[in-house]
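Notes for the one structure printed next.
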4 protein chains.
Amino acid sequence: MDLNADLGEGFGAWAAGDDDSLLELVTSANVACGFHAGDPTIMRALCVDAAARRVAIGAHVAYRDLAGFGRRFVDYGAPELADIVLYQVAALDGIARSAGTAVRYVKPHGALYHTALHDRVQAGAVVAAIRSYSRNMAVLCQPDTELSRCAEAAGLRVVAEAFVDRAYLPSGGLVPRREPGADLIDPDEVAERAVRMAVDGEVVAVDGTRVPLKPESLCVHGDTPGAVAIADAVRTSLTAAGVRLEPFSQP
Amino acid sequence: MDLNADLGEGFGAWAAGDDDSLLELVTSANVACGFHAGDPTIMRALCVDAAARRVAIGAHVAYRDLAGFGRRFVDYGAPELADIVLYQVAALDGIARSAGTAVRYVKPHGALYHTALHDRVQAGAVVAAIRSYSRNMAVLCQPDTELSRCAEAAGLRVVAEAFVDRAYLPSGGLVPRREPGADLIDPDEVAERAVRMAVDGEVVAVDGTRVPLKPESLCVHGDTPGAVAIADAVRTSLTAAGVRLEPFSQP
Amino acid sequence: MDLNADLGEGFGAWAAGDDDSLLELVTSANVACGFHAGDPTIMRALCVDAAARRVAIGAHVAYRDLAGFGRRFVDYGAPELADIVLYQVAALDGIARSAGTAVRYVKPHGALYHTALHDRVQAGAVVAAIRSYSRNMAVLCQPDTELSRCAEAAGLRVVAEAFVDRAYLPSGGLVPRREPGADLIDPDEVAERAVRMAVDGEVVAVDGTRVPLKPESLCVHGDTPGAVAIADAVRTSLTAAGVRLEPFSQP
Amino acid sequence: MDLNADLGEGFGAWAAGDDDSLLELVTSANVACGFHAGDPTIMRALCVDAAARRVAIGAHVAYRDLAGFGRRFVDYGAPELADIVLYQVAALDGIARSAGTAVRYVKPHGALYHTALHDRVQAGAVVAAIRSYSRNMAVLCQPDTELSRCAEAAGLRVVAEAFVDRAYLPSGGLVPRREPGADLIDPDEVAERAVRMAVDGEVVAVDGTRVPLKPESLCVHGDTPGAVAIADAVRTSLTAAGVRLEPFSQP
């Protein structure tokens, strides 16, 4: 099982999250590429550290929106969206290569992630950009979505992820983050859910429904105060349950 | 002889220069990478067009200063400067590769260019970034400068350039652009200078001194109103004088 | 009758439109405030010139989107949208005051304009920002829209505008700019429409329907190649028809 | 005696410093205006809170350099520098006015502060911008500097500040921040220095020299981990020593 988190979400003088600690716990790092967060210095340091710790690097691509942290929908047309995704993937991959590693996958960030799950145009633009860059990059996202279908149709590997610290709807979707209870913050509860996802292939939705899941990667959030404690508990519990943690791709 | 010009210097809705016409005339295109000008859409279109016309692509790297077009000195420390250069080179190279070509050289832009000619710290940072990315990229700049010496010491190929439409000092330096007469705008005069540079290996400075030059590339400006007419005249005159125009690197 | 146009739409080294010529022709200038275009230097120069020519100044407020020129919808929540509108109005008004004039009205730009016509949340945010700044600023927009109703409900003056160089739908709305024929480019045709709007209070829609209009201001575009010729023709024809051109507010 | 600190230095999703706690302790708030830090939402919230707590608001103006937090020298020419200072002052003042208060003073930030102390051109540009906006705004800076002299010559009030948590050179200048010992972090030591500055009019430099000072305002840093503890200790000690804390200008 792979464990992924968003890292490198600072910018210039501003920090965000405890990248050092999380790099010791996750197996895949979704690295911000400078459009919603991240800057060249943060990106390079993270690539060097990830390479040293054998953590796989993914491009966490986003709308161009530093002021909104990529959390606001922006109505990009397909060509421009593909172009900014390509730019971000290329920048991070070049930095990763100069650090002796490479970008192995792409995961859209924030509003682009949510839009690409449902919107065929934006999903298609993301996939077209990745494929124009490399046929060997995976797409990390929720399965059975526009994004996963577009990626599969383009011949890209899709890696299904589940969110260990988010409440689920019976449909298999996530409870929107604005609603109360959307984020789970108790490390023990989250760790237990992680084991259930990994071992039993299911999650209990907010109404008690058991939703089947087959994740190849579990996502823990990197930007919450208790992020490290949660990732630590998840890692410990999964290991204790006999789940081997390793990147889904070459680190 | 190579003929280089700055292209792709628009941003978003703003255009700058007649890229289409210049791509028909030059053999190497210095492409803005998004920090002083250029955006992913412009960069991709230019890479596609350059590949189709067998024009070599260089990364025109700059300070992060869209508002100042990279023309203002910014007091970057070496690590941050190396990081932003690496980011820009990587982004353009990835886009170029997705278009079936690649970045062959780097030329600093504006204030970074002028600073790196004289300042060993910034020159060293630019060179370190390029070398960490690839040992096969050339550096395009004026010879006998800090930048050229740093690049040579690092084992990078240095391609010497001369400016066909700029007035020279007897020292071999350029007349600062703020001074009257710094820019030459008559196509015939510029074309004649280009031939003298290419065939006779010299330029006549503002005081009449004959300054020896051995350029491998001649730079024409892309952002002036008469840029296309000048490049056209230069190309025609050089060809008439028996100078073969071709990129100094693989296009 | 007032004649308004978008001015100051350059940024840094990039120019857009012939502000000097248009300032001689219009009576109200919609000045970009730095979020989609415009920078402090452009804004100050324009305020000085507008004051000298007794042209009224309006704040052309927009989403924060330099790369997209404010033409893409961005899903701002109301508080953040109100805050960026307030910031833009304040910045331009302070600059205008230092030039001896003041901002007299606000006109949203691009995607924000189109969204605020229909979306009560964004319209409300724009109006709330203006009103928190001054009760004496007008809102320039199409009438019978969410924006005009919000502004009226808040006690702000609404100035109805019509577009002399845009094709109309029988509903009174504009033909979307992506459709063929949306933009009218023949100066004589546009000038004739302007007179019909100003004198007869109507416009002929694309299907031949005569749509009644009561504009207090006519908008000519500032960013098209023939903008000056069109504005000149409109001004000349209106004057010839006995329509007096003057700002709807104190210049 | 006035107590000033830099506040509102976050941007978008990124926070910096504990503005709420510091607003309870200082009498003047240097508010970032969006060019090195700060965004319209942060600025508005801070103006509302400062007004409620009767804290005076100053514009903390800076180079346009979000990525560098305004800490890098940028070689602005005087006109552009004056224009960006005017823009920032105007934006913050308009927001402050909509919150029922106003900007009372200007303090340059970071590299602009340090440059304006010594460089007459940049000092002059800052002063020209302020004066074009209002003759009633004070300039907060170290005395006997190019900036203070320019401001005085222009008829602006200069408020002399001293830094309670910075080591001093015998010349009265500050030990550069890169050198060890430049920042004092022990609250008791800092509080004692503050009292000595306020009551005895002197500070002990790094070599033991007693340097006379006559500050009207004492600056505490807002962006260090112990900022609140230091400000609290300073306030308590000054009050115990009979020094009355109040803004140097109308709050």
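Starting from 1 in every chain, residues are counted up; chains themselves are A, B, ... following the order of the structure tokens, and ligands are numbered from 1 as listed.
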Neighbours of region 180-185 of chain C within 6 Å (only C-alpha atoms; same-chain residues fewer than 5 positions away dropped), as a list in words?
Asp165, Arg166, Ala167 and Val175 of chain C
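Proximity to chain C at a cut-off of 12 Å picks out Glu9, Gly10, Phe11, Gly12, Ala13, Trp14, Ala15, Ala16, Gly17, Gly34, His36, Ala37, Gly38, Asp39, Pro40, Thr41, Ile42, Asp65, Leu66, Ala67, Gly68, Phe69, Gly70, Arg71, Arg72 and Asp223 of chain B on chain B, counting only C-alpha atoms.
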List the spatial neighbours of Ala233 (chain C) as a count of residues only - criterion: any atom at most 12 Å away, only C-alpha atoms, same-chain residues fewer than 4 positions off excluded.
25
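Of the residues listed (C:Asp144, C:His114, C:Ile230, C:Leu46), C:His114 shows the shortest atom-to-atom separation from Pro176 (chain C); distances use only C-alpha atoms.
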Could you give me, as a PyMOL selection string, each residue of region 106-194 of chain D that DSSP assigns to strand (DSSP E or B) when run on this structure's backbone?
chain D and resi 106+138-141+158-163+166+168+174+183
